[in-house]
Amino acid sequence: MTSIFSLVARVLRDPIAIVDRSEDPDALQELAPRLLGIAVVGCMIFGTVVGSSRGGIQLVYAAVKMPLLLWIPVALALPAARALWMACEVEVPWSRVALAGLVAMARTAILAAAAGPVLWLYYSLSPGYHVSVLALAAALAAVGLPGLGVVARAMPAGGKRRWLAMAGSLVVLGLCVAQTGWLLRPFVARPAGEVTFLRPIEEDVFSSLGATTRSAVGDYSQEWEPETRGMLQQRGGR
Amino acid sequence: MEHAVPAVALAPAPAEEDAARALPDAATVGRAVLGFGLLGLCAALGSADIAGASRILPAALVVDLGALVLTGPALLVGHQYLGLDAPVPSLAGVLAHAFCRAGAVALGLCPALLFFAATSGLAPGLLVLSLAGIAFMGLSDAFTGLRAAEVAAGDPKSRVVRDAKMQLLVVGWMVLTALVGLRLGFHLAGM
């Protein structure tokens with residue numbers, strides 16, 4: 001237990017020192033499950049807070065889904081990030097990329113858990129549904145940036161056009177986080193709506209964000225009608 | 001907090017520069033072709049109909065490889081016409097390495113694109129965005145490599161003039177390549 005707490009402290013204080021141990025297979029074997037565990041627990045705490053906006057079974061649903069919101073985008077974006085860094089002549093081994101991703105996830109999850117009371121306090125004031133969703137997105141962005149910083153700083157020195165690799169990685173990760181969040185919704189359940197674990201796959205995150213933003217500012221002039229698109233949506237529609 | 005991470009890829013030493021201008025091996029080229037092929041396949045899987053999928057499937061490979069194959073000879077001819085000194089095989093090597101790096105990036109983007117193809121209708125748009133980014137990266141890579149190849153060759157006294165000529169030539173070639181790539185893309189899109 002003590003070692004878990006000391007690992008949490010190291011993840012917050014000196015994450016790159018942990019990533020630097022990526023070349024030692026024993027260290028990797030020891031660190032990976034612990035970091036994953038920290039990430040899962042931190043995310044579940046944050047998810048519980050988000051679920052408290054509705055209460056009841058939504059507490060469990062949001063807590064279970066929140067770790068996936070972190071894990072799926074990282075798994076999708078890391079191959080692209082490594083390819084981009086390699087294209088910029090920064091040779092980075094898979095073990096280092098994977099450990100950097102794990103440390104980043106753990107750091108984000110710890111910060112998310114720590115930010116939980118702030119979000120809970122806000123939700124206790126009963127803000128509207130759309131504002132609650134935007135608050136969740138803002139909180140995730142705020143705790144996600146320090147995690148992303150770990151991946152950026154973990155890359156070896158040298159290479160050319162590093163900014164390009166960094167910008168490309170950020171874009172890919174950002175898009176994947178946004179779409180994963182959309183697929184795993186609802187985290188913040190609608191007050192009058194039925195509570196479900198997952199909603200049907202429809203449209204994409206950007207069409208929804210536009211509609212949510214318009215609704216948040218009281219513009220209901222355009223009705224949002226989700227269309228069926230994408231491979232899984234076509235399968236589901238048949 | 002800054003950390004001194006061991007540098008793996010610093011400024012290339014002369015031997016590394018030679019390696020960067022040698023033609024890449026078949027496996028590296030094959031991986032790049034596979035990357036572009038798979039990128040198109042991932043985007044095509046999200047298409048609503050067969051006709052759309054058949055257009056999207058070859059898009060990445062045709063646009064990137066097609067533009068390079070169609071305009072690469074023009075660059076080499078222009079290079080010889082202007083009397084520049086870099087050996088033609090080294091220029092071909094730089095172009096091939098730029099293509100291979102671009103293909104590796106395409107391969108890395110496949111999981112993310114497949115995810116979007118499976119869960120949204122964004123895959124074709126993201127394919128266009130990916131190809132634009134990959135092309136920018138590949139062309140800027142080629143610009144640097146081609147200039148370096150010319151500067152490293154021939155008489156040092158004429159280096160400044162040759163570098164200026166090479167920059168003009170490469171910029172012209174980059175514009176031509178981008179336009180040919182766009183034309184191929186529009187053709188595949190049925191425009």
# chains A, B, ... in the order shown; residues from 1 in each chain; ligands from 1
call {"tool": "residues_around", "arguments": {"residues": "stretch 38-40 of chain B", "least_positions_apart": "4", "cutoff": "7 Å", "atoms": "only C-alpha atoms", "output": "list of chain:residue names"}}
result
B:Leu34, B:Ala44, B:Ile56, B:Leu57, B:Pro58, B:Ala59, B:Ala60, B:Ala106, B:Leu107, B:Cys110
call {"tool": "write_last_selection", "arguments": {"atoms": "N, CA, C and O atoms", "output": "PDB file, in the first residue's frame"}}
result
ATOM      1  N   LEU B  34       1.991  -0.378 -47.513  1.00  0.00           N
ATOM      2  CA  LEU B  34       0.974  -1.012 -46.655  1.00  0.00           C
ATOM      3  C   LEU B  34       0.255   0.048 -45.806  1.00  0.00           C
ATOM      4  O   LEU B  34      -0.970   0.001 -45.639  1.00  0.00           O
ATOM      5  N   ALA B  44     -12.441   3.444 -45.929  1.00  0.00           N
ATOM      6  CA  ALA B  44     -13.469   2.851 -46.811  1.00  0.00           C
ATOM      7  C   ALA B  44     -14.456   2.006 -46.023  1.00  0.00           C
ATOM      8  O   ALA B  44     -15.632   1.920 -46.384  1.00  0.00           O
ATOM      9  N   ILE B  56     -12.846   5.487 -52.020  1.00  0.00           N
ATOM     10  CA  ILE B  56     -12.010   5.870 -50.879  1.00  0.00           C
ATOM     11  C   ILE B  56     -10.839   4.905 -50.706  1.00  0.00           C
ATOM     12  O   ILE B  56      -9.731   5.323 -50.354  1.00  0.00           O
ATOM     13  N   LEU B  57     -11.073   3.628 -50.990  1.00  0.00           N
ATOM     14  CA  LEU B  57     -10.078   2.580 -50.727  1.00  0.00           C
ATOM     15  C   LEU B  57      -8.679   2.910 -51.273  1.00  0.00           C
ATOM     16  O   LEU B  57      -7.698   2.853 -50.546  1.00  0.00           O
ATOM     17  N   PRO B  58      -8.569   3.277 -52.565  1.00  0.00           N
ATOM     18  CA  PRO B  58      -7.220   3.522 -53.082  1.00  0.00           C
ATOM     19  C   PRO B  58      -6.743   4.968 -52.880  1.00  0.00           C
ATOM     20  O   PRO B  58      -5.635   5.304 -53.316  1.00  0.00           O
ATOM     21  N   ALA B  59      -7.577   5.809 -52.262  1.00  0.00           N
ATOM     22  CA  ALA B  59      -7.303   7.249 -52.262  1.00  0.00           C
ATOM     23  C   ALA B  59      -5.923   7.592 -51.689  1.00  0.00           C
ATOM     24  O   ALA B  59      -5.147   8.318 -52.316  1.00  0.00           O
ATOM     25  N   ALA B  60      -5.611   7.039 -50.518  1.00  0.00           N
ATOM     26  CA  ALA B  60      -4.356   7.431 -49.861  1.00  0.00           C
ATOM     27  C   ALA B  60      -3.156   7.030 -50.706  1.00  0.00           C
ATOM     28  O   ALA B  60      -2.230   7.831 -50.920  1.00  0.00           O
ATOM     29  N   ALA B 106       1.181   7.101 -41.877  1.00  0.00           N
ATOM     30  CA  ALA B 106      -0.136   6.606 -42.306  1.00  0.00           C
ATOM     31  C   ALA B 106      -0.490   5.314 -41.559  1.00  0.00           C
ATOM     32  O   ALA B 106      -1.624   5.139 -41.100  1.00  0.00           O
ATOM     33  N   LEU B 107       0.485   4.437 -41.431  1.00  0.00           N
ATOM     34  CA  LEU B 107       0.260   3.172 -40.714  1.00  0.00           C
ATOM     35  C   LEU B 107      -0.107   3.435 -39.251  1.00  0.00           C
ATOM     36  O   LEU B 107      -0.995   2.789 -38.684  1.00  0.00           O
ATOM     37  N   CYS B 110      -3.762   4.451 -38.683  1.00  0.00           N
ATOM     38  CA  CYS B 110      -4.814   3.478 -39.024  1.00  0.00           C
ATOM     39  C   CYS B 110      -5.752   3.141 -37.856  1.00  0.00           C
ATOM     40  O   CYS B 110      -6.980   3.149 -38.037  1.00  0.00           O
TER      41      CYS B 110
END
call {"tool": "interface_residues", "arguments": {"of": "chain A", "to": "chain B", "cutoff": "9 Å", "atoms": "only C-alpha atoms", "output": "ChimeraX atom specification"}}
result
/A:14,16-17,20,73,75-92,153-160,164,168,172-173,175-176,179,183,201-205,228-234
call {"tool": "atom_distance", "arguments": {"atom1": "atom CA of B:Leu61", "atom2": "atom CA of B:Val29"}}
result
12.4 Å
call {"tool": "select_by_dssp", "arguments": {"residues": "stretch 123-238 of chain A", "states": "alpha helix (DSSP H)", "output": "NGL selection string"}}
result
:A and (123 or 129-154 or 162-183 or 205-216 or 231-237)
call {"tool": "residues_around", "arguments": {"residues": "B:Phe143", "least_positions_apart": "3", "cutoff": "12 Å", "atoms": "only C-alpha atoms", "output": "count of residues only"}}
result
28
call {"tool": "atom_distance", "arguments": {"atom1": "atom CA of A:Arg199", "atom2": "atom CA of A:Trp182"}}
result
9.3 Å
call {"tool": "closest_residue", "arguments": {"among": "B:Ala26, B:Gly93, B:Phe36, B:Ala142", "to": "B:Gly66", "atoms": "only C-alpha atoms"}}
result
B:Phe36
call {"tool": "residues_around", "arguments": {"residues": "stretch 115-121 of chain A", "least_positions_apart": "6", "cutoff": "8 Å", "atoms": "only C-alpha atoms", "output": "VMD selection string"}}
result
chain A and resid 45 to 46 49 to 50 52 to 53 135 to 136 139 143
call {"tool": "closest_residue", "arguments": {"among": "A:Met105, A:Ile72, A:Ala63, A:Val131", "to": "A:Gly218", "atoms": "only C-alpha atoms"}}
result
A:Val131
call {"tool": "atom_distance", "arguments": {"atom1": "atom CA of A:Leu184", "atom2": "atom CA of A:Tyr122"}}
result
22.4 Å
call {"tool": "residues_around", "arguments": {"residues": "A:Pro67", "least_positions_apart": "2", "cutoff": "7 Å", "atoms": "only C-alpha atoms", "output": "list of chain:residue names"}}
result
A:Val40, A:Cys43, A:Met44, A:Val64, A:Lys65, A:Leu69, A:Leu70, A:Trp71
